[in-house]
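Dumped my_file.cif below, it's mmCIF, C-alpha atoms:
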```
data_entry
#
loop_
_atom_site.label_atom_id
_atom_site.label_comp_id
_atom_site.auth_asym_id
_atom_site.auth_seq_id
_atom_site.Cartn_x
_atom_site.Cartn_y
_atom_site.Cartn_z
CA MET A 214 51.54 -171.29 169.06
CA THR A 215 53.26 -174.30 170.54
CA GLY A 216 55.00 -175.08 173.77
CA VAL A 217 53.50 -172.21 175.79
CA ASP A 218 49.97 -172.33 174.44
CA ARG A 219 48.16 -172.98 177.68
CA ARG A 220 50.26 -170.67 179.77
CA PHE A 221 49.96 -167.87 177.24
CA TRP A 222 46.20 -168.27 176.88
CA ALA A 223 45.85 -168.27 180.67
CA LEU A 224 47.96 -165.11 180.82
CA VAL A 225 45.79 -163.48 178.15
CA ALA A 226 42.64 -164.38 180.09
CA ALA A 227 44.07 -162.84 183.27
CA HIS A 228 45.13 -159.74 181.36
CA GLY A 229 41.61 -159.51 179.92
CA VAL A 230 40.19 -159.54 183.46
CA SER A 231 42.61 -156.77 184.44
CA ALA A 232 41.69 -154.75 181.34
CA TYR A 233 37.99 -155.13 182.16
CA GLY A 234 38.60 -153.65 185.59
CA THR A 235 40.63 -150.83 184.08
CA TYR A 236 37.92 -149.79 181.62
CA LEU A 237 35.22 -150.04 184.27
CA ASN A 238 37.39 -147.85 186.48
CA LEU A 239 37.88 -145.22 183.77
CA ILE A 240 34.21 -144.33 184.12
CA ALA A 241 34.01 -144.89 187.87
CA LEU A 242 37.08 -142.77 188.63
CA SER A 243 35.87 -139.92 186.42
CA LEU A 244 32.47 -139.85 188.14
CA PHE A 245 34.05 -140.16 191.57
CA SER A 246 36.45 -137.31 190.78
CA TYR A 247 33.52 -135.09 189.84
CA GLU A 248 31.65 -136.04 193.01
CA LEU A 249 34.69 -135.33 195.18
CA THR A 250 35.80 -132.05 193.57
CA GLY A 251 32.43 -130.79 192.33
CA THR A 252 33.93 -129.27 189.17
CA ALA A 253 34.88 -130.34 185.67
CA LEU A 254 38.28 -128.79 186.34
CA GLY A 255 38.81 -131.27 189.15
CA VAL A 256 38.07 -134.16 186.82
CA GLY A 257 40.52 -132.73 184.32
CA VAL A 258 43.24 -132.39 186.96
CA VAL A 259 42.87 -136.03 188.01
CA MET A 260 43.00 -137.14 184.38
CA ALA A 261 46.01 -134.91 183.72
CA VAL A 262 47.90 -136.40 186.69
CA ARG A 263 47.13 -139.90 185.46
CA LEU A 264 48.29 -139.14 181.92
CA LEU A 265 51.39 -137.24 183.08
CA ALA A 266 52.38 -140.21 185.24
CA GLY A 267 51.99 -142.46 182.21
CA VAL A 268 54.13 -140.18 180.05
CA THR A 269 56.88 -140.06 182.69
CA ALA A 270 56.77 -143.82 183.22
CA GLY A 271 57.16 -144.38 179.48
CA LEU A 272 60.46 -142.50 179.51
CA ALA A 273 61.82 -144.76 182.25
CA ALA A 274 60.15 -148.02 181.17
CA GLY A 275 62.97 -149.34 178.99
CA ALA A 276 65.66 -148.91 181.64
CA LEU A 277 63.42 -150.20 184.42
CA THR A 278 62.39 -153.38 182.62
CA ALA A 279 66.03 -154.05 181.67
CA TRP A 280 67.16 -153.58 185.28
CA ALA A 281 64.40 -155.37 187.20
CA GLY A 282 63.15 -157.83 184.57
CA ARG A 283 59.84 -157.69 182.73
CA ARG A 284 58.01 -160.26 184.86
CA THR A 285 59.00 -158.44 188.05
CA VAL A 286 57.72 -155.15 186.62
CA MET A 287 54.43 -156.75 185.60
CA VAL A 288 53.79 -158.21 189.05
CA ALA A 289 54.93 -155.08 190.92
CA THR A 290 52.72 -152.74 188.86
CA ASP A 291 49.68 -155.00 189.27
CA VAL A 292 50.19 -155.12 193.04
CA ALA A 293 50.72 -151.36 193.26
CA GLN A 294 47.55 -150.63 191.28
CA ALA A 295 45.55 -153.14 193.32
CA LEU A 296 46.67 -151.47 196.56
CA ALA A 297 45.80 -148.02 195.21
CA MET A 298 42.28 -149.19 194.37
CA VAL A 299 41.87 -150.86 197.77
CA VAL A 300 42.73 -147.55 199.44
CA LEU A 301 40.07 -145.77 197.37
CA ALA A 302 37.52 -148.53 197.93
CA LEU A 303 37.93 -148.41 201.71
CA GLY A 304 37.83 -144.62 201.96
CA THR A 305 35.27 -143.53 199.38
CA SER A 306 33.20 -141.56 201.89
CA GLY A 307 36.06 -139.40 203.11
CA THR A 308 38.79 -139.56 200.48
CA ALA A 309 41.17 -136.62 200.47
CA LEU A 310 42.03 -135.03 197.14
CA TRP A 311 45.73 -135.87 197.51
CA VAL A 312 44.84 -139.55 197.94
CA LEU A 313 42.79 -139.48 194.75
CA LEU A 314 45.63 -137.78 192.87
CA GLY A 315 48.12 -140.31 194.21
CA ALA A 316 45.92 -143.20 193.10
CA GLY A 317 45.60 -141.64 189.66
CA ALA A 318 49.38 -141.35 189.39
CA VAL A 319 49.86 -145.00 190.41
CA LEU A 320 47.27 -146.13 187.86
CA GLY A 321 48.82 -144.06 185.05
CA ALA A 322 52.39 -145.17 185.70
CA GLY A 323 51.43 -148.76 186.46
CA ASN A 324 49.38 -149.23 183.31
CA THR A 325 52.18 -147.85 181.13
CA LEU A 326 54.92 -149.95 182.74
CA PHE A 327 52.86 -153.14 182.63
CA ASN A 328 51.99 -152.71 178.95
CA VAL A 329 55.59 -151.92 177.98
CA ALA A 330 56.82 -155.02 179.82
CA LEU A 331 54.12 -157.25 178.34
CA ARG A 332 54.38 -156.06 174.74
CA SER A 333 58.17 -156.20 174.67
CA ALA A 334 58.09 -159.71 176.19
CA ILE A 335 55.73 -161.28 173.64
CA PRO A 336 58.47 -162.52 171.25
CA VAL A 337 60.24 -164.17 174.19
CA MET A 338 57.03 -165.83 175.40
CA VAL A 339 55.79 -167.25 172.10
CA GLY A 340 58.68 -166.89 169.64
CA GLN A 341 59.21 -164.32 166.92
CA GLU A 342 57.32 -166.41 164.37
CA ASN A 343 54.14 -166.31 166.50
CA ARG A 344 54.20 -162.72 167.67
CA ALA A 345 51.55 -161.39 165.26
CA ARG A 346 49.03 -164.04 166.30
CA ALA A 347 49.79 -163.42 169.99
CA ASN A 348 49.29 -159.68 169.49
CA GLY A 349 45.97 -160.39 167.81
CA VAL A 350 44.82 -162.47 170.76
CA LEU A 351 45.74 -159.66 173.14
CA VAL A 352 43.94 -157.08 171.00
CA THR A 353 40.83 -159.26 170.95
CA ALA A 354 40.89 -159.70 174.72
CA ARG A 355 41.33 -155.98 175.25
CA SER A 356 38.47 -155.15 172.87
CA VAL A 357 36.06 -157.46 174.68
CA ALA A 358 37.21 -156.03 178.01
CA THR A 359 36.61 -152.49 176.73
CA VAL A 360 32.99 -153.19 175.84
CA LEU A 361 32.24 -155.15 179.01
CA GLY A 362 33.95 -152.58 181.22
CA PHE A 363 32.12 -149.61 179.71
CA ALA A 364 28.78 -151.43 179.61
CA SER A 365 28.91 -152.69 183.20
CA ALA A 366 30.19 -149.51 184.82
CA ALA A 367 26.76 -147.92 185.24
CA PRO A 368 24.99 -150.94 186.81
CA VAL A 369 27.97 -151.76 189.06
CA ILE A 370 28.11 -148.19 190.39
CA ALA A 371 24.31 -148.03 190.72
CA LEU A 372 24.11 -151.28 192.69
CA GLY A 373 27.22 -151.09 194.84
CA GLY A 374 28.54 -147.58 194.65
CA PHE A 375 32.07 -146.44 193.92
CA GLY A 376 33.52 -148.66 196.63
CA VAL A 377 32.36 -151.81 194.83
CA ALA A 378 33.60 -150.53 191.47
CA PHE A 379 37.05 -149.80 192.91
CA GLY A 380 37.02 -153.16 194.67
CA VAL A 381 36.28 -154.96 191.40
CA ASN A 382 39.18 -153.13 189.77
CA ALA A 383 41.51 -154.07 192.66
CA ALA A 384 40.46 -157.72 192.35
CA SER A 385 41.12 -157.64 188.59
CA PHE A 386 44.69 -156.45 189.19
CA ALA A 387 45.14 -159.18 191.80
CA VAL A 388 44.01 -161.81 189.28
CA SER A 389 46.62 -160.59 186.81
CA ALA A 390 49.41 -160.54 189.40
CA VAL A 391 48.59 -164.04 190.66
CA ALA A 392 48.48 -165.36 187.10
CA VAL A 393 51.93 -163.97 186.28
CA LEU A 394 53.36 -165.35 189.52
CA ALA A 395 51.76 -168.78 189.05
CA LEU A 396 52.47 -169.18 185.33
CA ARG A 397 55.99 -167.70 185.51
CA PRO A 398 56.21 -166.99 181.76
CA ARG A 399 59.66 -166.48 180.29
CA THR A 400 59.81 -162.75 179.61
CA ASP A 401 63.52 -161.93 179.29
CA SER A 402 65.75 -163.44 176.62
CA ASP A 403 69.34 -164.55 176.81
CA GLN A 404 72.07 -162.78 174.89
CA ALA A 405 72.22 -165.74 172.53
CA ASP A 406 68.75 -165.16 171.16
CA ASP A 407 68.79 -161.37 171.34
CA ALA A 408 67.79 -160.90 167.70
CA GLY A 409 64.65 -159.82 165.97
CA THR A 410 62.92 -160.99 162.83
CA GLY A 411 64.08 -159.56 159.52
CA GLU A 412 66.90 -157.69 161.24
CA GLN A 413 70.25 -158.76 162.55
CA ALA A 414 71.12 -158.21 166.17
CA GLU A 415 72.96 -155.01 166.92
CA PRO A 416 76.64 -155.35 165.96
CA PRO A 417 79.32 -154.42 168.45
CA PRO A 418 80.19 -150.73 168.53
CA VAL A 419 82.86 -150.29 165.88
CA ARG A 420 83.94 -147.34 163.85
CA GLY A 421 82.88 -146.77 160.29
CA GLY A 422 80.00 -145.57 158.16
CA ARG A 423 78.47 -149.03 157.80
CA LEU A 424 77.36 -149.09 161.45
CA ARG A 425 75.90 -145.61 161.21
CA ARG A 426 73.94 -146.57 158.09
CA ARG A 427 72.60 -149.68 159.77
CA VAL A 428 71.50 -147.81 162.89
CA ALA A 429 69.93 -145.06 160.80
CA GLY A 430 68.11 -147.63 158.69
CA LEU A 431 66.67 -149.19 161.82
CA ALA A 432 65.78 -146.01 163.67
CA GLY A 433 64.25 -143.98 160.84
CA PRO A 434 61.17 -146.09 160.01
CA LEU A 435 60.59 -147.08 163.63
CA LEU A 436 60.75 -143.50 164.86
CA GLY A 437 58.42 -142.52 162.03
CA MET A 438 55.93 -145.17 163.12
CA ILE A 439 56.14 -144.09 166.75
CA ALA A 440 55.58 -140.45 165.76
CA LEU A 441 52.54 -141.45 163.71
CA ARG A 442 51.29 -143.53 166.63
CA GLY A 443 51.38 -140.43 168.81
CA LEU A 444 49.53 -138.43 166.15
CA ASP A 445 46.97 -141.22 165.89
CA ALA A 446 46.46 -141.08 169.68
CA LEU A 447 45.84 -137.34 169.39
CA ALA A 448 43.23 -137.97 166.69
CA SER A 449 41.64 -140.79 168.69
CA ALA A 450 41.17 -138.45 171.63
CA SER A 451 38.90 -136.29 169.47
CA HIS A 452 36.37 -139.03 168.74
CA ASN A 453 36.48 -140.25 172.35
CA VAL A 454 35.62 -136.75 173.57
CA ALA A 455 33.04 -136.11 170.83
CA LEU A 456 31.24 -139.47 170.98
CA PRO A 457 29.15 -138.65 174.09
CA LEU A 458 27.93 -135.50 172.34
CA ALA A 459 26.99 -137.49 169.24
CA ALA A 460 25.23 -140.06 171.44
CA HIS A 461 23.10 -137.38 173.09
CA GLU A 462 22.16 -135.97 169.70
CA ALA A 463 21.34 -139.36 168.17
CA GLN A 464 19.54 -140.88 171.17
CA PRO A 465 18.75 -138.19 173.77
CA SER A 466 16.79 -140.65 175.91
CA SER A 467 19.47 -143.35 176.03
CA PRO A 468 22.94 -142.11 175.07
CA ALA A 469 24.60 -144.90 177.07
CA VAL A 470 22.89 -147.51 174.90
CA PHE A 471 24.14 -145.74 171.78
CA MET A 472 27.72 -145.76 173.05
CA THR A 473 27.51 -149.41 174.10
CA TRP A 474 26.32 -150.44 170.63
CA PHE A 475 28.97 -148.32 168.96
CA TRP A 476 31.85 -149.77 170.97
CA SER A 477 30.44 -153.28 170.64
CA ALA A 478 30.48 -152.93 166.85
CA TRP A 479 34.01 -151.54 167.08
CA ALA A 480 35.07 -154.58 169.13
CA VAL A 481 33.64 -156.91 166.50
CA GLY A 482 35.83 -155.17 163.93
CA THR A 483 38.99 -155.64 165.99
CA MET A 484 38.22 -159.34 166.35
CA LEU A 485 37.79 -159.64 162.59
CA ALA A 486 41.18 -157.99 162.09
CA HIS A 487 42.80 -160.67 164.23
CA GLN A 488 41.01 -163.45 162.33
CA ILE A 489 42.20 -162.06 158.99
CA LEU A 490 45.78 -161.32 160.00
CA LYS A 491 46.41 -164.69 161.63
CA ARG A 492 45.66 -166.37 158.30
CA ARG A 493 48.20 -164.27 156.41
CA SER A 494 51.02 -166.75 156.63
CA HIS A 495 52.46 -165.60 153.30
CA GLY A 496 52.74 -162.27 151.57
CA ALA A 497 54.79 -159.15 151.08
CA SER A 498 56.40 -157.11 153.80
CA TRP A 499 53.79 -155.14 155.73
CA GLY A 500 55.41 -153.08 158.45
CA GLU A 501 55.40 -149.31 157.91
CA ARG A 502 53.27 -149.31 154.76
CA ALA A 503 50.51 -151.46 156.25
CA PHE A 504 50.50 -149.33 159.39
CA ALA A 505 50.23 -146.08 157.42
CA VAL A 506 47.41 -147.42 155.21
CA GLY A 507 45.56 -148.79 158.24
CA THR A 508 45.82 -145.44 160.01
CA CYS A 509 44.28 -143.68 157.01
CA ALA A 510 41.43 -146.21 156.87
CA MET A 511 40.76 -145.90 160.60
CA SER A 512 40.60 -142.11 160.42
CA PHE A 513 38.23 -142.12 157.44
CA CYS A 514 35.91 -144.59 159.20
CA PHE A 515 35.73 -142.62 162.44
CA VAL A 516 35.03 -139.40 160.54
CA ALA A 517 32.28 -141.18 158.58
CA ALA A 518 30.66 -142.22 161.86
CA PHE A 519 30.16 -138.54 162.77
CA THR A 520 28.45 -137.55 159.52
CA GLY A 521 25.05 -138.59 160.91
CA PRO A 522 24.50 -141.78 158.90
CA PRO A 523 21.51 -144.08 159.49
CA ALA A 524 21.93 -146.74 162.16
CA PRO A 525 23.03 -149.59 159.84
CA ALA A 526 25.65 -147.39 158.15
CA LEU A 527 26.83 -146.14 161.54
CA MET A 528 27.35 -149.68 162.82
CA ALA A 529 29.16 -150.58 159.58
CA ALA A 530 31.46 -147.58 160.05
CA ALA A 531 32.13 -148.63 163.65
CA VAL A 532 32.97 -152.19 162.57
CA ALA A 533 35.27 -150.88 159.83
CA ALA A 534 36.96 -148.49 162.28
CA GLY A 535 37.46 -151.37 164.71
CA PHE A 536 38.93 -153.53 161.95
CA ALA A 537 41.40 -150.80 160.99
CA ASP A 538 42.15 -150.14 164.67
CA GLY A 539 42.88 -153.82 165.33
CA TRP A 540 44.91 -154.07 162.11
CA THR A 541 47.14 -151.11 162.98
CA GLU A 542 47.61 -152.29 166.57
CA ILE A 543 48.73 -155.77 165.53
CA VAL A 544 50.96 -154.56 162.68
CA TYR A 545 52.50 -151.77 164.76
CA THR A 546 53.21 -153.91 167.81
CA SER A 547 54.59 -156.76 165.71
CA ARG A 548 56.88 -154.35 163.85
CA LEU A 549 58.39 -152.94 167.03
CA GLN A 550 58.78 -156.46 168.41
CA ALA A 551 60.95 -157.32 165.39
CA ALA A 552 63.72 -155.20 166.89
CA PRO A 553 66.44 -156.90 168.96
CA ASP A 554 65.41 -157.68 172.52
CA ARG A 555 67.71 -155.08 174.09
CA GLN A 556 65.96 -152.36 172.06
CA ARG A 557 62.34 -153.40 172.54
CA GLY A 558 61.87 -152.04 176.04
CA ARG A 559 63.08 -148.59 175.03
CA LEU A 560 61.05 -148.62 171.82
CA PHE A 561 57.83 -149.51 173.63
CA GLY A 562 58.61 -147.02 176.39
CA LEU A 563 59.07 -144.28 173.79
CA SER A 564 55.88 -145.43 172.10
CA ALA A 565 53.94 -145.27 175.37
CA THR A 566 55.21 -141.73 175.96
CA ALA A 567 54.16 -140.68 172.46
CA GLU A 568 50.72 -142.25 172.81
CA GLN A 569 50.02 -140.82 176.26
CA SER A 570 51.25 -137.36 175.25
CA GLY A 571 49.18 -137.38 172.07
CA PHE A 572 46.05 -138.52 173.84
CA ALA A 573 46.47 -135.95 176.63
CA LEU A 574 47.01 -133.09 174.18
CA GLY A 575 44.16 -134.31 172.00
CA THR A 576 41.75 -134.56 174.92
CA VAL A 577 42.40 -130.99 176.05
CA THR A 578 42.37 -129.38 172.61
CA ALA A 579 39.41 -131.38 171.31
CA ALA A 580 37.33 -130.52 174.38
CA ALA A 581 38.13 -126.85 173.92
CA ALA A 582 37.36 -126.99 170.18
CA LEU A 583 34.01 -128.67 170.78
CA GLU A 584 32.87 -125.61 172.71
CA ALA A 585 32.82 -123.64 169.46
CA LEU A 586 32.71 -126.19 166.61
CA PRO A 587 30.48 -129.13 165.68
CA ALA A 588 31.70 -132.64 166.41
CA LEU A 589 32.18 -133.51 162.74
CA ALA A 590 34.48 -130.52 162.17
CA VAL A 591 36.62 -131.32 165.21
CA VAL A 592 36.89 -135.04 164.53
CA GLY A 593 37.55 -134.37 160.86
CA ALA A 594 40.35 -131.90 161.59
CA PHE A 595 42.09 -134.14 164.13
CA HIS A 596 41.85 -137.26 162.01
CA GLY A 597 42.87 -135.25 158.96
CA ALA A 598 46.14 -134.51 160.74
CA ALA A 599 46.62 -138.24 161.33
CA VAL A 600 45.97 -138.97 157.64
CA CYS A 601 48.56 -136.36 156.63
CA GLY A 602 51.09 -137.96 158.96
CA ALA A 603 50.32 -141.40 157.54
CA LEU A 604 50.79 -140.15 153.99
CA VAL A 605 54.16 -138.65 154.91
CA LEU A 606 55.28 -141.96 156.44
CA LEU A 607 53.99 -143.83 153.40
CA LEU A 608 55.90 -141.52 151.05
CA LEU A 609 59.12 -141.85 153.03
CA THR A 610 58.75 -145.62 153.15
CA VAL A 611 58.24 -145.86 149.39
CA ARG A 612 61.24 -143.64 148.75
CA GLY A 613 63.36 -145.66 151.13
CA ARG A 614 62.30 -148.88 149.42
CA ASP A 615 63.14 -147.48 145.99
CA ALA A 616 66.54 -146.32 147.24
CA ARG A 617 67.28 -149.74 148.71
CA HIS A 618 66.24 -151.47 145.50
CA GLY A 619 68.53 -149.20 143.54
CA THR A 620 71.41 -150.00 145.88
CA ASP A 621 70.65 -153.71 145.67
CA ARG A 622 70.69 -153.63 141.86
CA SER A 623 73.96 -151.70 141.73
CA SER A 624 75.69 -154.10 144.14
CA THR A 625 74.32 -157.38 142.82
CA SER A 626 77.44 -158.26 140.86
CA GLY A 627 80.00 -157.01 143.35
CA GLU A 628 78.79 -157.79 146.89
CA LYS A 629 77.07 -161.12 146.80
CA GLY A 630 78.50 -162.13 150.14
CA GLU A 631 76.34 -159.72 152.18
CA SER A 632 72.67 -160.41 152.75
CA THR A 633 70.39 -157.48 151.93
CA HIS A 634 68.00 -158.57 154.68
CA GLY A 635 70.50 -157.64 157.33
CA THR A 636 70.23 -153.94 156.48
CA SER A 637 66.57 -153.85 155.52
CA THR A 638 64.43 -151.31 157.30
CA GLY A 639 61.34 -153.45 156.97
CA ALA A 640 60.17 -156.05 159.44
CA GLY A 641 59.97 -158.70 156.78
CA GLN A 642 56.91 -160.88 156.60
CA LEU A 643 54.57 -160.50 159.55
CA PRO A 644 53.86 -164.06 160.64
CA GLY A 645 50.17 -164.84 160.65
CA SER A 646 50.19 -168.40 161.87
#
```
Any chance you could put this one into structure tokens?
Amino acid sequence: MTGVDRRFWALVAAHGVSAYGTYLNLIALSLFSYELTGTALGVGVVMAVRLLAGVTAGLAAGALTAWAGRRTVMVATDVAQALAMVVLALGTSGTALWVLLGAGAVLGAGNTLFNVALRSAIPVMVGQENRARANGVLVTARSVATVLGFASAAPVIALGGFGVAFGVNAASFAVSAVAVLALRPRTDSDQADDAGTGEQAEPPPVRGGRLRRRVAGLAGPLLGMIALRGLDALASASHNVALPLAAHEAQPSSPAVFMTWFWSAWAVGTMLAHQILKRRSHGASWGERAFAVGTCAMSFCFVAAFTGPPAPALMAAAVAAGFADGWTEIVYTSRLQAAPDRQRGRLFGLSATAEQSGFALGTVTAAAALEALPALAVVGAFHGAAVCGALVLLLLTVRGRDARHGTDRSSTSGEKGESTHGTSTGAGQLPGS
């Protein structure tokens, strides 16, 4: 990446700090919720409020980022989340339930709005040709933050209590907000460069079937990918809920160590995915097909991890799952970013709603299923649904490609003046360098 290298890397580092605080807080807030309410139901209510706020924010994210500007949304959500954590940090001994629920709502909505603004702004920050590499860098930073946040939560809480954990999270949001304010990255494009990669910018609203075909060609595959993303989030909830149970069965004396090693191996896999994808500077169109295949691979690897393999095979499965997870994240995000700028905010907002809804539904249903079924059966069923969805998307993509090829062949001699790339449903080549 050229021109904005240093600023973008600095922004990624600040976002990594913020992500670290977020993952540390996921554990701290859950434990604090249980301590405050005294029941598992109370923990579930706090989590439900957080997820519901994220779902609602996703529906409004596109309009909000278009109205206020992406950079403004990023700074405002960081500040709001920092203030919410400061309130919790200062009042841990006598926090009222409504304050905890309010903080959870701010965190859920803020995280969704920030991520929609950031992901939709990547092509503007680094250029369309560099978006896949930029997405890989962000995925790597998030993966490292996940492991460090989960691993450090227990010692931070043990040494300083919940107040320190919430304070660390507040400081991490402040670092992100200051970085965005100081770096002032360009996040909103002008009308002149409001076009994606592999697709023409939206034409003016005119009558005729050609416009309807073009809009349908754009929306169909993208909506299919977003739907599969939501189904993948539902499946991912199952292994997140079941992993603590598997850890207690595998290492009853030290389940936390088991989970740390598992997620560390997963993080290594996501980093490898970035290293591989950034070297793919040439090749066929990836887009929907690569996302569907990656989703299948990720599901198979997570299911394999719950079959009770020996430690080396378990770590290999975790690395492979991380690789597929990183692959699908980079391919999926880069594909949505190929849309024209005016559409990206709404696409990522819809995606956030689908992901949050899928994860919320998956968390509730997987937890209930684990009361009666073994972890392998639950994880297998949920990820089996994701595989079925991926196969449907793959089939539809292949059929659409065959139909387009047939149309291209029939019109080769008569309509040479119109580029077939302008109506293609694919993202074209995902840039890897």
Problem set entry | Picked residues, the PyMOL selection byres ((chain A and resi 564) around 8), as a PyMOL selection string | chain A and resi 271+439+442-443+560-563+565-568
Please evaluate the PyMOL selection byres ((chain A and resi 451) around 10) against the displayed coordinates and give the resulting residues as a PDB file with C-alpha atoms, in the coordinates of the input.
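And here's selection_23.pdb as it stands now:
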```pdb
ATOM      1  CA  ALA A 446      46.460-141.080 169.680  1.00  0.00           C
ATOM      2  CA  LEU A 447      45.840-137.340 169.390  1.00  0.00           C
ATOM      3  CA  ALA A 448      43.230-137.970 166.690  1.00  0.00           C
ATOM      4  CA  SER A 449      41.640-140.790 168.690  1.00  0.00           C
ATOM      5  CA  ALA A 450      41.170-138.450 171.630  1.00  0.00           C
ATOM      6  CA  HIS A 452      36.370-139.030 168.740  1.00  0.00           C
ATOM      7  CA  ASN A 453      36.480-140.250 172.350  1.00  0.00           C
ATOM      8  CA  VAL A 454      35.620-136.750 173.570  1.00  0.00           C
ATOM      9  CA  ALA A 455      33.040-136.110 170.830  1.00  0.00           C
ATOM     10  CA  LEU A 456      31.240-139.470 170.980  1.00  0.00           C
ATOM     11  CA  PHE A 515      35.730-142.620 162.440  1.00  0.00           C
ATOM     12  CA  PHE A 572      46.050-138.520 173.840  1.00  0.00           C
ATOM     13  CA  LEU A 574      47.010-133.090 174.180  1.00  0.00           C
ATOM     14  CA  GLY A 575      44.160-134.310 172.000  1.00  0.00           C
ATOM     15  CA  THR A 576      41.750-134.560 174.920  1.00  0.00           C
ATOM     16  CA  VAL A 577      42.400-130.990 176.050  1.00  0.00           C
ATOM     17  CA  THR A 578      42.370-129.380 172.610  1.00  0.00           C
ATOM     18  CA  ALA A 579      39.410-131.380 171.310  1.00  0.00           C
ATOM     19  CA  ALA A 580      37.330-130.520 174.380  1.00  0.00           C
ATOM     20  CA  ALA A 582      37.360-126.990 170.180  1.00  0.00           C
ATOM     21  CA  LEU A 583      34.010-128.670 170.780  1.00  0.00           C
ATOM     22  CA  ALA A 588      31.700-132.640 166.410  1.00  0.00           C
ATOM     23  CA  LEU A 589      32.180-133.510 162.740  1.00  0.00           C
ATOM     24  CA  VAL A 591      36.620-131.320 165.210  1.00  0.00           C
ATOM     25  CA  VAL A 592      36.890-135.040 164.530  1.00  0.00           C
ATOM     26  CA  GLY A 593      37.550-134.370 160.860  1.00  0.00           C
ATOM     27  CA  ALA A 594      40.350-131.900 161.590  1.00  0.00           C
ATOM     28  CA  PHE A 595      42.090-134.140 164.130  1.00  0.00           C
ATOM     29  CA  HIS A 596      41.850-137.260 162.010  1.00  0.00           C
TER      30      HIS A 596
END
```
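Closest to Gly315 of chain A among A:Ile370, A:Ala531, A:Leu265, A:Ala226 is A:Leu265, based on all atoms listed in the file.
When you apply the PyMOL selection byres ((chain A and resi 390-406) around 6) to this structure, what comes back is A:Arg283, A:Val288, A:Asp291, A:Ala334, A:Val337, A:Met338, A:Ala387, A:Val388, A:Ser389, A:Asp407, A:Ala408.
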Please enclose the listed atoms of segment 522-540 of chain A in an axis-aligned box, pad each side by 5 Å, and write out the centre and the three edge lengths in Å, rounded to one decimal, as JSON.
```
{"center_x": 33.2, "center_y": -147.9, "center_z": 161.7, "size_x": 33.4, "size_y": 22.3, "size_z": 17.2}
```
Exercise. Pick from A:Thr305, A:Asn343, A:Thr353, A:Ser243: nearest to Leu485 of chain A, with only C-alpha atoms counted?
Worked result: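 Selected residue with least distance to Leu485 of chain A: A:Thr353.
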For this session: Record the distance separating atom CA of Phe475 of chain A and atom CA of Ala367 of chain A, expressed in Å with one decimal.
Result: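 Separation between atom CA of Phe475 of chain A and atom CA of Ala367 of chain A: 16.4 Å.
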For this session: Measure the distance from atom CA of Gly362 of chain A to atom CA of Ser467 of chain A in Å and round it to one decimal.
Result: 17.9 Å
Exercise. Looking at all atoms listed in the file, which of A:Thr325, A:Thr520, A:Gln556, A:Gln550 is the one that sits closest to Ala276 of chain A?
Worked result: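 Nearest candidate to Ala276 of chain A out of A:Thr325, A:Thr520, A:Gln556, A:Gln550: A:Gln556.
Here atom CA of Ala371 of chain A is placed at a distance of 26.7 Å from atom CA of Ala293 of chain A.
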Please tabulate, as a Markdown table, the residues of segment 443-484 of chain A that come within 12 Å of segment 543-549 of chain A, each with its closest pair of atoms and the distance in Å to one decimal, counting only C-alpha atoms and ordering rows by chain, then residue number upward.
```
| residue | atom | partner | partner_atom | distance |
| --- | --- | --- | --- | --- |
| A:Asp445 | CA | A:Tyr545 | CA | 12.0 |
| A:Thr483 | CA | A:Ile543 | CA | 9.8 |
| A:Met484 | CA | A:Ile543 | CA | 11.1 |
```
Problem set entry | For Val369 of chain A: contacts at 12 Å, all atoms listed in the file, fewer than 4 positions along chain excluded, given as a list in words | Gly234, Leu237, Asn238, Ile240, Ala241, Leu361, Gly362, Phe363, Ala364, Ser365, Gly373, Gly374, Phe375, Gly376, Val377, Ala378, Phe379, Gly380, Val381 and Asn382 of chain A
Go ahead and write the selection's residues with C-alpha atoms as a PDB file, in the coordinates of the input.
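Okay, again_19.pdb is ready:
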```pdb
ATOM      1  CA  GLY A 234      38.600-153.650 185.590  1.00  0.00           C
ATOM      2  CA  LEU A 237      35.220-150.040 184.270  1.00  0.00           C
ATOM      3  CA  ASN A 238      37.390-147.850 186.480  1.00  0.00           C
ATOM      4  CA  ILE A 240      34.210-144.330 184.120  1.00  0.00           C
ATOM      5  CA  ALA A 241      34.010-144.890 187.870  1.00  0.00           C
ATOM      6  CA  LEU A 361      32.240-155.150 179.010  1.00  0.00           C
ATOM      7  CA  GLY A 362      33.950-152.580 181.220  1.00  0.00           C
ATOM      8  CA  PHE A 363      32.120-149.610 179.710  1.00  0.00           C
ATOM      9  CA  ALA A 364      28.780-151.430 179.610  1.00  0.00           C
ATOM     10  CA  SER A 365      28.910-152.690 183.200  1.00  0.00           C
ATOM     11  CA  GLY A 373      27.220-151.090 194.840  1.00  0.00           C
ATOM     12  CA  GLY A 374      28.540-147.580 194.650  1.00  0.00           C
ATOM     13  CA  PHE A 375      32.070-146.440 193.920  1.00  0.00           C
ATOM     14  CA  GLY A 376      33.520-148.660 196.630  1.00  0.00           C
ATOM     15  CA  VAL A 377      32.360-151.810 194.830  1.00  0.00           C
ATOM     16  CA  ALA A 378      33.600-150.530 191.470  1.00  0.00           C
ATOM     17  CA  PHE A 379      37.050-149.800 192.910  1.00  0.00           C
ATOM     18  CA  GLY A 380      37.020-153.160 194.670  1.00  0.00           C
ATOM     19  CA  VAL A 381      36.280-154.960 191.400  1.00  0.00           C
ATOM     20  CA  ASN A 382      39.180-153.130 189.770  1.00  0.00           C
TER      21      ASN A 382
END
```
